[in-house]
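A.B. asks: This is start_12.tsv, which holds TSV, C-alpha atoms:
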```tsv
chain	number	residue	atom	x	y	z
A	1	MET	CA	-88.95	48.85	110.17
A	2	ASN	CA	-88.64	45.19	111.03
A	3	PHE	CA	-85.00	44.45	111.86
A	4	GLU	CA	-85.45	40.67	111.99
A	5	THR	CA	-84.22	38.48	109.13
A	6	ASN	CA	-87.24	36.65	107.74
A	7	GLU	CA	-87.41	32.89	107.12
A	8	THR	CA	-87.05	33.30	103.35
A	9	GLN	CA	-83.85	35.28	103.78
A	10	LYS	CA	-82.49	32.64	106.16
A	11	MET	CA	-83.32	29.86	103.70
A	12	ILE	CA	-81.69	31.78	100.83
A	13	ALA	CA	-78.55	32.46	102.87
A	14	SER	CA	-78.23	28.80	103.84
A	15	SER	CA	-78.85	27.64	100.27
A	16	ILE	CA	-76.19	29.96	98.82
A	17	GLN	CA	-73.67	29.05	101.51
A	18	ASP	CA	-74.06	25.36	100.66
A	19	PHE	CA	-73.94	26.08	96.92
A	20	ALA	CA	-70.87	28.31	97.25
A	21	LYS	CA	-68.87	25.68	99.16
A	22	ILE	CA	-69.20	23.29	96.23
A	23	HIS	CA	-69.41	25.46	93.12
A	24	ILE	CA	-67.68	28.78	93.92
A	25	ALA	CA	-65.12	28.61	96.74
A	26	PRO	CA	-62.86	25.96	95.11
A	27	ASN	CA	-62.61	28.03	91.91
A	28	VAL	CA	-62.25	31.60	93.18
A	29	TYR	CA	-58.52	32.02	92.61
A	30	GLN	CA	-58.46	30.12	89.32
A	31	TRP	CA	-61.22	32.37	87.93
A	32	ASP	CA	-59.46	35.45	89.28
A	33	GLU	CA	-56.05	34.59	87.81
A	34	SER	CA	-57.39	33.62	84.39
A	35	GLN	CA	-60.26	36.14	84.29
A	36	VAL	CA	-62.67	33.36	83.36
A	37	PHE	CA	-66.35	34.29	83.34
A	38	PRO	CA	-68.02	31.02	84.47
A	39	VAL	CA	-71.18	31.06	82.35
A	40	ASP	CA	-72.25	27.57	83.46
A	41	LEU	CA	-72.27	28.72	87.09
A	42	PHE	CA	-74.87	31.37	86.26
A	43	LYS	CA	-77.05	28.78	84.58
A	44	LYS	CA	-76.95	26.81	87.85
A	45	LEU	CA	-77.83	29.98	89.78
A	46	GLY	CA	-80.71	30.45	87.34
A	47	GLU	CA	-82.00	26.97	88.18
A	48	MET	CA	-82.01	28.04	91.83
A	49	GLY	CA	-84.07	31.14	91.01
A	50	PHE	CA	-81.31	33.69	91.61
A	51	MET	CA	-81.14	35.14	88.10
A	52	GLY	CA	-84.71	36.46	88.26
A	53	ILE	CA	-85.02	37.32	91.93
A	54	LEU	CA	-87.33	40.31	91.48
A	55	VAL	CA	-89.11	38.99	88.38
A	56	PRO	CA	-92.73	37.92	89.03
A	57	GLU	CA	-93.47	34.21	88.86
A	58	ALA	CA	-95.70	34.87	85.83
A	59	TYR	CA	-92.52	35.55	83.83
A	60	GLY	CA	-90.55	32.65	85.29
A	61	GLY	CA	-88.94	34.58	88.13
A	62	SER	CA	-88.83	34.10	91.89
A	63	GLY	CA	-91.08	37.06	92.69
A	64	LEU	CA	-89.09	38.01	95.80
A	65	THR	CA	-88.47	41.40	97.41
A	66	TYR	CA	-85.44	43.66	97.53
A	67	HIS	CA	-84.64	42.35	101.01
A	68	GLU	CA	-84.18	38.83	99.63
A	69	TYR	CA	-82.27	40.30	96.70
A	70	ILE	CA	-79.83	41.96	99.11
A	71	THR	CA	-79.35	38.60	100.85
A	72	VAL	CA	-78.47	36.86	97.57
A	73	ILE	CA	-75.91	39.47	96.49
A	74	GLU	CA	-74.42	39.72	99.97
A	75	GLU	CA	-73.99	35.95	100.45
A	76	LEU	CA	-72.42	35.44	97.02
A	77	SER	CA	-70.08	38.40	97.57
A	78	LYS	CA	-68.81	37.03	100.87
A	79	VAL	CA	-67.27	34.20	98.84
A	80	ASP	CA	-66.51	35.81	95.47
A	81	PRO	CA	-67.51	39.44	94.86
A	82	SER	CA	-67.10	38.91	91.09
A	83	ILE	CA	-70.03	36.51	91.12
A	84	GLY	CA	-72.08	38.86	93.29
A	85	LEU	CA	-71.38	41.70	90.86
A	86	SER	CA	-72.46	39.73	87.80
A	87	VAL	CA	-75.66	38.49	89.45
A	88	ALA	CA	-76.41	42.08	90.49
A	89	ALA	CA	-75.80	43.51	87.01
A	90	HIS	CA	-77.92	40.82	85.38
A	91	ASN	CA	-80.82	41.26	87.80
A	92	SER	CA	-81.01	44.98	88.46
A	93	LEU	CA	-79.81	46.44	85.17
A	94	CYS	CA	-80.73	44.40	82.08
A	95	THR	CA	-83.51	42.27	83.53
A	96	GLY	CA	-84.73	45.10	85.75
A	97	HIS	CA	-84.94	47.53	82.84
A	98	ILE	CA	-87.05	45.16	80.74
A	99	LEU	CA	-89.24	44.36	83.75
A	100	GLN	CA	-89.85	48.00	84.61
A	101	PHE	CA	-90.24	49.52	81.15
A	102	GLY	CA	-90.96	46.69	78.71
A	103	THR	CA	-94.34	45.98	77.11
A	104	GLU	CA	-96.21	42.83	78.03
A	105	GLU	CA	-95.03	41.27	74.78
A	106	GLN	CA	-91.39	42.21	75.47
A	107	LYS	CA	-91.52	40.91	79.03
A	108	THR	CA	-93.08	37.63	77.93
A	109	LYS	CA	-90.46	37.25	75.20
A	110	TRP	CA	-87.29	37.98	77.18
A	111	LEU	CA	-87.82	37.73	80.93
A	112	PRO	CA	-88.30	33.93	81.19
A	113	LYS	CA	-84.96	33.36	79.42
A	114	LEU	CA	-83.20	35.87	81.68
A	115	ALA	CA	-84.85	34.67	84.89
A	116	SER	CA	-83.92	31.04	84.21
A	117	GLY	CA	-80.28	31.84	83.49
A	118	GLU	CA	-80.66	30.49	79.95
A	119	TRP	CA	-79.70	34.00	78.82
A	120	ILE	CA	-77.22	36.39	80.41
A	121	GLY	CA	-78.09	40.09	80.32
A	122	ALA	CA	-75.96	43.18	79.70
A	123	TRP	CA	-76.75	46.90	80.05
A	124	GLY	CA	-75.03	49.67	78.13
A	125	LEU	CA	-74.97	53.31	79.21
A	126	THR	CA	-71.30	54.24	79.79
A	127	GLU	CA	-69.02	55.28	76.92
A	128	HIS	CA	-65.30	56.06	76.64
A	129	ASN	CA	-65.81	59.80	76.96
A	130	THR	CA	-69.04	59.80	78.97
A	131	GLY	CA	-68.77	58.16	82.38
A	132	SER	CA	-70.57	60.33	84.89
A	133	ASP	CA	-71.70	62.61	82.03
A	134	ALA	CA	-74.02	60.04	80.44
A	135	GLY	CA	-76.01	62.77	78.71
A	136	GLY	CA	-73.04	63.54	76.47
A	137	MET	CA	-73.05	60.11	74.83
A	138	ASN	CA	-71.92	59.72	71.22
A	139	THR	CA	-73.69	56.47	70.29
A	140	THR	CA	-76.53	57.42	67.95
A	141	ALA	CA	-79.73	55.73	66.78
A	142	VAL	CA	-81.20	57.10	63.55
A	143	LEU	CA	-84.67	56.15	62.34
A	144	ASP	CA	-84.72	54.39	58.97
A	145	GLY	CA	-88.16	53.03	58.13
A	146	ASP	CA	-89.19	50.41	60.67
A	147	HIS	CA	-85.69	50.24	62.19
A	148	TYR	CA	-83.23	52.40	64.08
A	149	VAL	CA	-79.62	52.28	62.88
A	150	LEU	CA	-77.13	52.37	65.77
A	151	ASN	CA	-73.52	53.50	65.49
A	152	GLY	CA	-70.99	53.97	68.28
A	153	SER	CA	-69.70	52.00	71.25
A	154	LYS	CA	-70.18	51.44	74.97
A	155	ASN	CA	-67.44	50.50	77.43
A	156	PHE	CA	-67.08	49.00	80.90
A	157	ILE	CA	-70.08	46.82	80.12
A	158	THR	CA	-70.63	43.76	82.30
A	159	HIS	CA	-71.25	40.64	80.14
A	160	ALA	CA	-70.53	42.48	76.87
A	161	ILE	CA	-69.05	39.32	75.36
A	162	SER	CA	-71.10	36.53	76.94
A	163	GLY	CA	-74.42	38.36	77.17
A	164	ASN	CA	-77.31	37.11	75.04
A	165	ILE	CA	-79.22	40.39	75.15
A	166	ALA	CA	-78.27	43.95	76.03
A	167	VAL	CA	-80.36	46.96	76.97
A	168	VAL	CA	-78.56	49.86	75.31
A	169	ILE	CA	-79.14	53.60	75.64
A	170	ALA	CA	-78.46	55.54	72.43
A	171	ARG	CA	-78.92	59.15	71.40
A	172	THR	CA	-82.01	59.81	69.29
A	173	GLY	CA	-81.96	63.59	69.81
A	174	ASP	CA	-79.52	66.36	70.62
A	175	LYS	CA	-76.44	65.72	72.74
A	176	GLY	CA	-77.03	66.76	76.33
A	177	ASP	CA	-80.83	66.63	76.02
A	178	SER	CA	-82.18	64.43	78.81
A	179	HIS	CA	-85.12	63.60	76.53
A	180	GLY	CA	-82.89	62.87	73.56
A	181	MET	CA	-81.95	59.28	74.40
A	182	THR	CA	-83.81	56.00	73.90
A	183	ALA	CA	-83.47	52.48	75.33
A	184	PHE	CA	-83.24	49.51	72.96
A	185	ALA	CA	-83.17	45.77	73.70
A	186	ILE	CA	-80.72	44.14	71.29
A	187	GLU	CA	-80.23	40.40	70.98
A	188	LYS	CA	-76.84	38.80	70.41
A	189	GLY	CA	-76.36	37.93	66.76
A	190	THR	CA	-78.01	41.07	65.44
A	191	PRO	CA	-75.89	42.20	62.43
A	192	GLY	CA	-73.62	45.10	63.32
A	193	PHE	CA	-73.76	44.33	67.06
A	194	ASN	CA	-70.44	43.03	68.38
A	195	SER	CA	-68.24	43.00	71.48
A	196	GLY	CA	-64.87	44.71	71.59
A	197	LYS	CA	-61.92	44.95	73.96
A	198	LYS	CA	-62.11	42.99	77.19
A	199	GLU	CA	-60.73	44.93	80.17
A	200	ASP	CA	-57.81	43.55	82.20
A	201	LYS	CA	-58.94	44.67	85.66
A	202	LEU	CA	-57.48	45.15	89.12
A	203	GLY	CA	-60.33	43.23	90.77
A	204	MET	CA	-63.69	41.61	90.04
A	205	ARG	CA	-61.76	39.67	87.42
A	206	ALA	CA	-64.24	36.80	87.02
A	207	SER	CA	-66.98	39.30	86.14
A	208	GLU	CA	-66.60	39.99	82.44
A	209	THR	CA	-66.18	43.64	81.42
A	210	ALA	CA	-65.79	44.70	77.79
A	211	GLU	CA	-66.95	47.02	75.00
A	212	LEU	CA	-70.14	46.85	72.97
A	213	VAL	CA	-69.69	48.04	69.39
A	214	PHE	CA	-72.42	49.13	66.95
A	215	ASP	CA	-71.65	49.38	63.24
A	216	ASN	CA	-74.80	50.23	61.28
A	217	CYS	CA	-76.69	47.92	63.62
A	218	ARG	CA	-80.34	47.79	62.58
A	219	VAL	CA	-82.75	47.39	65.49
A	220	PRO	CA	-86.50	47.06	64.88
A	221	LYS	CA	-88.73	49.73	66.42
A	222	GLU	CA	-90.54	47.07	68.44
A	223	ASN	CA	-87.32	46.63	70.46
A	224	ILE	CA	-87.63	50.10	71.97
A	225	LEU	CA	-88.26	49.96	75.72
A	226	GLY	CA	-90.85	52.54	76.72
A	227	LYS	CA	-91.06	55.57	74.44
A	228	VAL	CA	-88.56	57.30	72.20
A	229	GLY	CA	-86.69	59.91	74.23
A	230	GLU	CA	-87.22	58.24	77.61
A	231	GLY	CA	-83.93	56.30	77.76
A	232	PHE	CA	-82.00	58.63	80.02
A	233	ILE	CA	-84.89	59.12	82.45
A	234	GLN	CA	-85.41	55.34	82.57
A	235	SER	CA	-81.70	54.81	83.22
A	236	MET	CA	-81.71	57.14	86.22
A	237	LYS	CA	-84.62	55.16	87.70
A	238	ILE	CA	-82.83	51.87	87.03
A	239	LEU	CA	-79.70	53.19	88.72
A	240	ASP	CA	-81.77	54.09	91.80
A	241	GLY	CA	-82.41	50.38	92.29
A	242	GLY	CA	-78.91	49.50	91.11
A	243	ARG	CA	-77.45	51.46	94.01
A	244	ILE	CA	-79.08	48.97	96.37
A	245	SER	CA	-77.29	46.21	94.44
A	246	ILE	CA	-73.88	47.83	94.85
A	247	ALA	CA	-74.54	48.55	98.52
A	248	ALA	CA	-75.39	44.85	99.01
A	249	LEU	CA	-72.25	43.86	97.10
A	250	SER	CA	-70.24	46.17	99.35
A	251	ILE	CA	-71.72	44.63	102.49
A	252	GLY	CA	-70.83	41.15	101.27
A	253	ILE	CA	-67.22	42.16	100.57
A	254	ALA	CA	-66.94	43.91	103.94
A	255	LYS	CA	-68.35	40.90	105.79
A	256	GLY	CA	-66.01	38.53	103.97
A	257	ALA	CA	-62.97	40.65	104.80
A	258	TYR	CA	-64.09	41.26	108.39
A	259	THR	CA	-64.74	37.57	109.08
A	260	ALA	CA	-61.31	36.63	107.73
A	261	ALA	CA	-59.63	39.36	109.81
A	262	LEU	CA	-61.54	38.44	112.97
A	263	GLN	CA	-60.57	34.78	112.66
A	264	TYR	CA	-56.94	35.60	111.89
A	265	SER	CA	-56.71	37.99	114.86
A	266	LYS	CA	-57.78	35.20	117.21
A	267	GLU	CA	-55.28	32.73	115.76
A	268	ARG	CA	-52.23	34.95	115.26
A	269	VAL	CA	-50.08	35.08	118.41
A	270	GLN	CA	-47.57	37.84	119.12
A	271	PHE	CA	-45.83	38.57	122.45
A	272	GLY	CA	-47.50	35.46	123.84
A	273	LYS	CA	-51.08	36.61	123.12
A	274	PRO	CA	-53.59	36.48	120.25
A	275	ILE	CA	-53.34	39.84	118.47
A	276	SER	CA	-57.10	40.33	119.02
A	277	SER	CA	-56.27	40.99	122.69
A	278	PHE	CA	-54.36	44.15	121.78
A	279	GLN	CA	-56.39	47.34	121.76
A	280	GLY	CA	-54.89	48.46	118.43
A	281	ILE	CA	-56.43	45.41	116.76
A	282	SER	CA	-59.65	45.10	118.79
A	283	PHE	CA	-60.53	48.75	118.09
A	284	LYS	CA	-60.06	48.17	114.36
A	285	LEU	CA	-62.45	45.22	114.57
A	286	ALA	CA	-64.96	47.35	116.52
A	287	ASP	CA	-64.91	50.04	113.82
A	288	MET	CA	-65.24	47.45	111.07
A	289	ALA	CA	-68.23	45.74	112.72
A	290	THR	CA	-69.97	49.08	113.31
A	291	GLU	CA	-69.53	50.27	109.72
A	292	ILE	CA	-70.92	46.99	108.40
A	293	GLU	CA	-73.95	47.28	110.68
A	294	ALA	CA	-74.59	50.88	109.61
A	295	SER	CA	-74.27	49.90	105.94
A	296	GLU	CA	-76.84	47.15	106.38
A	297	LEU	CA	-79.35	49.45	108.04
A	298	LEU	CA	-79.06	52.08	105.31
A	299	THR	CA	-79.33	49.48	102.56
A	300	HIS	CA	-82.39	47.75	103.97
A	301	LYS	CA	-84.06	51.12	104.58
A	302	ALA	CA	-83.53	51.93	100.89
A	303	ALA	CA	-84.95	48.51	100.00
A	304	ALA	CA	-88.01	49.09	102.21
A	305	LYS	CA	-88.74	52.38	100.45
A	306	LYS	CA	-88.26	50.74	97.06
A	307	GLU	CA	-90.71	47.97	97.99
A	308	LEU	CA	-93.29	50.53	99.16
A	309	GLY	CA	-92.95	52.47	95.93
A	310	GLU	CA	-91.74	55.53	97.81
A	311	LYS	CA	-89.12	57.96	96.52
A	312	MET	CA	-85.77	56.46	97.50
A	313	THR	CA	-83.22	58.29	95.35
A	314	THR	CA	-81.58	60.03	98.32
A	315	ILE	CA	-81.50	57.07	100.70
A	316	GLY	CA	-80.35	54.79	97.87
A	317	ALA	CA	-77.45	57.12	97.09
A	318	MET	CA	-76.62	57.32	100.81
A	319	ALA	CA	-76.61	53.52	101.11
A	320	LYS	CA	-74.44	53.07	98.03
A	321	MET	CA	-72.00	55.81	99.04
A	322	TYR	CA	-71.65	54.76	102.66
A	323	ALA	CA	-71.52	51.00	102.12
A	324	SER	CA	-69.03	51.21	99.26
A	325	GLU	CA	-66.66	53.51	101.14
A	326	ALA	CA	-67.05	51.38	104.27
A	327	CYS	CA	-66.18	48.19	102.41
A	328	VAL	CA	-62.94	49.74	101.12
A	329	LYS	CA	-62.06	50.79	104.70
A	330	VAL	CA	-62.91	47.35	106.09
A	331	ALA	CA	-60.91	45.56	103.39
A	332	THR	CA	-57.96	47.88	104.00
A	333	GLU	CA	-58.02	47.26	107.74
A	334	ALA	CA	-58.35	43.52	107.13
A	335	ILE	CA	-55.06	43.66	105.21
A	336	GLN	CA	-53.50	45.65	108.06
A	337	ILE	CA	-54.62	43.11	110.66
A	338	HIS	CA	-53.06	40.32	108.61
A	339	GLY	CA	-49.82	42.28	108.28
A	340	GLY	CA	-47.45	40.96	105.63
A	341	TYR	CA	-49.58	37.86	105.09
A	342	GLY	CA	-52.49	40.06	104.05
A	343	TYR	CA	-50.43	41.25	101.12
A	344	THR	CA	-50.08	37.71	99.76
A	345	LYS	CA	-52.50	35.51	97.85
A	346	ASP	CA	-52.30	32.89	100.60
A	347	TYR	CA	-55.08	34.73	102.45
A	348	PRO	CA	-58.42	35.93	101.04
A	349	VAL	CA	-58.17	39.54	102.21
A	350	GLU	CA	-55.95	40.71	99.35
A	351	LYS	CA	-58.68	39.77	96.88
A	352	PHE	CA	-61.40	41.45	98.93
A	353	PHE	CA	-59.13	44.52	98.96
A	354	ARG	CA	-58.76	44.51	95.16
A	355	ASP	CA	-62.45	43.83	94.56
A	356	SER	CA	-63.68	46.47	97.00
A	357	LYS	CA	-62.56	49.54	95.08
A	358	LEU	CA	-64.97	49.03	92.19
A	359	CYS	CA	-67.88	49.57	94.56
A	360	THR	CA	-66.95	53.25	94.94
A	361	ILE	CA	-66.91	53.67	91.14
A	362	GLY	CA	-69.49	51.41	89.45
A	363	GLU	CA	-73.08	52.57	88.94
A	364	GLY	CA	-72.17	56.10	89.97
A	365	THR	CA	-69.00	57.18	91.76
A	366	THR	CA	-68.95	58.32	95.38
A	367	GLU	CA	-68.69	61.88	94.09
A	368	ILE	CA	-71.83	61.46	91.97
A	369	GLN	CA	-73.69	60.03	94.97
A	370	LYS	CA	-72.76	63.17	96.90
A	371	VAL	CA	-74.12	65.30	94.05
A	372	VAL	CA	-77.40	63.35	94.16
A	373	ILE	CA	-77.67	63.56	97.95
A	374	SER	CA	-76.77	67.25	98.20
A	375	ARG	CA	-79.16	68.27	95.43
A	376	ASN	CA	-82.04	66.46	97.11
A	377	ILE	CA	-81.41	67.64	100.66
A	378	LEU	CA	-81.08	71.24	99.44
A	379	LYS	CA	-84.52	70.97	97.78
A	380	ASP	CA	-86.18	70.22	101.12
```
Spell out the structure here as structure tokens.
C.D. replies:
Amino acid sequence: MNFETNETQKMIASSIQDFAKIHIAPNVYQWDESQVFPVDLFKKLGEMGFMGILVPEAYGGSGLTYHEYITVIEELSKVDPSIGLSVAAHNSLCTGHILQFGTEEQKTKWLPKLASGEWIGAWGLTEHNTGSDAGGMNTTAVLDGDHYVLNGSKNFITHAISGNIAVVIARTGDKGDSHGMTAFAIEKGTPGFNSGKKEDKLGMRASETAELVFDNCRVPKENILGKVGEGFIQSMKILDGGRISIAALSIGIAKGAYTAALQYSKERVQFGKPISSFQGISFKLADMATEIEASELLTHKAAAKKELGEKMTTIGAMAKMYASEACVKVATEAIQIHGGYGYTKDYPVEKFFRDSKLCTIGEGTTEIQKVVISRNILKD
């Protein structure tokens, strides 16, 4: 493995840092308090090529690798993890699903709009009663002539209200049958396709999360991604790549919290010394820095395997599990280093703390990652 950051990654990091100073940093707390999803910001990010990072140039994307993708998510998340989360969901889930499993006609039709940021993408797998147990979903799709009729709902869906297109997994066979689900691409405005309740969340509040509702929603057969019955299998493959996204998001949060804590520890004086000079604080910082470094190495190893087309389910789950748990630890310690001030909104660490927890839940909980890892290592 090459451990050096390449020139493209450096350029991307610098570009996002400059962009974030003007367009993100001044608005972070306003968006968080009001739970505003800043759609116009994502259109600007689309103009910069960050809404189609992995999409080939032939479809209007940037045609970059997972290493550059990690850089984008990480840099955005250092400033506002909500923005990093939404860019990740758009790229790896909705756009990624169409890119990986769509026909040439489907990719030509939808990818340029998604890659440019003209359209925002959503992805629907989770339901109210089926979180980790996705195979038990209740949303059905019944064939009726040249259409499938969808009924049911999805929840905890990023961009459920503002999204212009959603990739939705619905049951076309028996409940619990891994070959009994199918993926559909459904455009906003399709009759019977609506958004429902918007969640009032602990963190990631500028990243929109809501229900998708299907009431006799008729979707043409040509909107099926891949083959009938492949939806669940496709979703598991999409989530393999999605774990890299959440690991990158976690690294960004951890770095943001760590940087704030490091700076504060050098400025805060107690007993006539900066608190960074006390072993109790310096050892915390040492642990934080080490866990961030380890998270990065795992995540880029997963990305390298993904780029090479090698099996990366286990390493992807390891990266997601480790990085997400590490970012919660780092954010918690950042609060501790700030003391009482860390518990106020005057300092950024309280928001990193609130935002961090989602990383251990979204796109597969820590417990599910352990199931994936243990199953695979016991096969060897």
A.B. asks: Work out how far atom CA of A:Glu4 is from atom CA of A:Ile373, in Å to one decimal.
C.D. replies: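 We find that atom CA of A:Ile373 and atom CA of A:Glu4 lie 28.0 Å from each other.
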A.B. asks: Residues of stretch 1-29 of chain A that have any atom at most 12 Å from an atom of stretch 53-71 of chain A: could you tabulate them with the shortest-distance atom pair and the distance in Å to one decimal, using only C-alpha atoms, ordered by chain and increasing number, as CSV?
C.D. replies:
```
residue,atom,partner,partner_atom,distance
A:Asn2,CA,A:His67,CA,11.2
A:Phe3,CA,A:His67,CA,11.1
A:Glu4,CA,A:His67,CA,11.1
A:Thr5,CA,A:His67,CA,9.0
A:Asn6,CA,A:Glu68,CA,8.9
A:Glu7,CA,A:Glu68,CA,10.1
A:Thr8,CA,A:Glu68,CA,7.3
A:Gln9,CA,A:Glu68,CA,5.5
A:Lys10,CA,A:Thr71,CA,8.6
A:Met11,CA,A:Glu68,CA,9.9
A:Ile12,CA,A:Thr71,CA,7.2
A:Ala13,CA,A:Thr71,CA,6.5
A:Ser14,CA,A:Thr71,CA,10.3
A:Ser15,CA,A:Thr71,CA,11.0
A:Ile16,CA,A:Thr71,CA,9.4
A:Gln17,CA,A:Thr71,CA,11.1
```
A.B. asks: Rank A:Gln263, A:Asn129, A:Ser282, A:Asn376 by their smallest atom-to-atom distance to A:Met312, using only C-alpha atoms, and report the top residue only.
C.D. replies: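 Ranked by minimum distance to A:Met312, first place goes to A:Asn376.
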A.B. asks: Given the choices A:Lys306, A:His338, A:His147, A:Arg205, which gets closest to A:Ile238 if the distance is worked out from only C-alpha atoms?
C.D. replies: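 Distance minimum relative to A:Ile238 lands on A:Lys306.
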A.B. asks: Smallest atom-to-atom distance to A:Ile244: which of A:Asn27, A:Thr140, A:Thr190, A:Ser295, using only C-alpha atoms?
C.D. replies: A:Ser295
A.B. asks: Pick the closest to A:Ile253 from A:Val142, A:Ala323, A:Met137, A:Val149: which is it, counting only C-alpha atoms?
C.D. replies: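 Checking each candidate against A:Ile253, we get A:Ala323 as the closest.
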A.B. asks: Pick out the residues sitting within 6 Å of A:Ser153, and hand them over as a ChimeraX atom specification; count all atoms listed in the file, and ignore anything fewer than 4 positions along from it in its own chain.
C.D. replies: /A:212-214
A.B. asks: My list of candidates is A:Ala248, A:Tyr341, A:Asn223, A:Glu199. Which is closest to A:Arg268 when distances are computed with only C-alpha atoms?
C.D. replies: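 Counting only C-alpha atoms, the residue closest to A:Arg268 is A:Tyr341.
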A.B. asks: Rounded to one decimal, what separation in Å do you get between atom CA of A:Ala303 and atom CA of A:Ala88?
C.D. replies: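 Distance between the two atoms: 14.3 Å.
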A.B. asks: Go through A:Ile337, A:Leu41, A:Met318, A:Leu202 and flag the residue nearest A:Val372, using all atoms listed in the file for the distances.
C.D. replies: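 Ranking A:Ile337, A:Leu41, A:Met318, A:Leu202 by distance to A:Val372, first place goes to A:Met318.
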A.B. asks: Would you list the contacts of A:Thr360 as number ranges by chain, taking every protein, DNA or RNA residue within 9 Å and counting only C-alpha atoms, but skipping same-chain residues closer than 2 positions in sequence?
C.D. replies: A: 246, 250, 320-321, 323-325, 328, 356-358, 362-367
A.B. asks: Given the selection you just returned, output its residues as a file containing C-alpha atoms, formatted as a compact mmCIF listing (two decimals), in the coordinates of the input.
C.D. replies:
```txt
# COMPACT_ATOMS: atom_id res chain seq x y z
CA ILE A 246 -73.88 47.83 94.85
CA SER A 250 -70.24 46.17 99.35
CA LYS A 320 -74.44 53.07 98.03
CA MET A 321 -72.00 55.81 99.04
CA ALA A 323 -71.52 51.00 102.12
CA SER A 324 -69.03 51.21 99.26
CA GLU A 325 -66.66 53.51 101.14
CA VAL A 328 -62.94 49.74 101.12
CA SER A 356 -63.68 46.47 97.00
CA LYS A 357 -62.56 49.54 95.08
CA LEU A 358 -64.97 49.03 92.19
CA GLY A 362 -69.49 51.41 89.45
CA GLU A 363 -73.08 52.57 88.94
CA GLY A 364 -72.17 56.10 89.97
CA THR A 365 -69.00 57.18 91.76
CA THR A 366 -68.95 58.32 95.38
CA GLU A 367 -68.69 61.88 94.09
```
A.B. asks: In Å, how far is it from atom CA of A:Ile157 to atom CA of A:Tyr258?
C.D. replies: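 Calculated distance between atom CA of A:Ile157 and atom CA of A:Tyr258 is 29.4 Å.
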A.B. asks: Write out as a VMD selection string which residues come within 8 Å of A:Thr95 when counting only C-alpha atoms, dropping same-chain ones fewer than 3 positions away.
C.D. replies: chain A and resid 52 90 to 92 98 to 99 111 114 to 115 121
A.B. asks: Please return stretch 167-179 of chain A, rebuilt to N, CA and C atoms, as an mmCIF file, in the frame of the given file.
C.D. replies:
```cif
data_model
loop_
_atom_site.group_PDB
_atom_site.id
_atom_site.type_symbol
_atom_site.label_atom_id
_atom_site.label_comp_id
_atom_site.auth_asym_id
_atom_site.auth_seq_id
_atom_site.Cartn_x
_atom_site.Cartn_y
_atom_site.Cartn_z
ATOM 1 N N VAL A 167 -79.561 45.733 77.008
ATOM 2 C CA VAL A 167 -80.360 46.960 76.970
ATOM 3 C C VAL A 167 -79.363 48.095 76.773
ATOM 4 N N VAL A 168 -79.531 48.842 75.700
ATOM 5 C CA VAL A 168 -78.560 49.860 75.310
ATOM 6 C C VAL A 168 -79.254 51.214 75.193
ATOM 7 N N ILE A 169 -78.619 52.240 75.745
ATOM 8 C CA ILE A 169 -79.140 53.600 75.640
ATOM 9 C C ILE A 169 -78.372 54.316 74.533
ATOM 10 N N ALA A 170 -79.093 54.843 73.554
ATOM 11 C CA ALA A 170 -78.460 55.540 72.430
ATOM 12 C C ALA A 170 -79.147 56.892 72.218
ATOM 13 N N ARG A 171 -78.404 57.802 71.604
ATOM 14 C CA ARG A 171 -78.920 59.150 71.400
ATOM 15 C C ARG A 171 -79.810 59.215 70.162
ATOM 16 N N THR A 172 -81.046 59.626 70.384
ATOM 17 C CA THR A 172 -82.010 59.810 69.290
ATOM 18 C C THR A 172 -82.348 61.288 69.094
ATOM 19 N N GLY A 173 -81.731 62.150 69.903
ATOM 20 C CA GLY A 173 -81.960 63.590 69.810
ATOM 21 C C GLY A 173 -80.652 64.323 69.958
ATOM 22 N N ASP A 174 -80.721 65.534 70.476
ATOM 23 C CA ASP A 174 -79.520 66.360 70.620
ATOM 24 C C ASP A 174 -78.674 65.910 71.804
ATOM 25 N N LYS A 175 -77.358 66.059 71.656
ATOM 26 C CA LYS A 175 -76.440 65.720 72.740
ATOM 27 C C LYS A 175 -76.726 66.614 73.951
ATOM 28 N N GLY A 176 -76.782 66.006 75.114
ATOM 29 C CA GLY A 176 -77.030 66.760 76.330
ATOM 30 C C GLY A 176 -78.496 66.917 76.679
ATOM 31 N N ASP A 177 -79.387 66.536 75.770
ATOM 32 C CA ASP A 177 -80.830 66.630 76.020
ATOM 33 C C ASP A 177 -81.275 65.386 76.788
ATOM 34 N N SER A 178 -81.781 65.582 77.995
ATOM 35 C CA SER A 178 -82.180 64.430 78.810
ATOM 36 C C SER A 178 -83.364 63.674 78.200
ATOM 37 N N HIS A 179 -84.029 64.282 77.242
ATOM 38 C CA HIS A 179 -85.120 63.600 76.530
ATOM 39 C C HIS A 179 -84.697 63.234 75.100
#
```
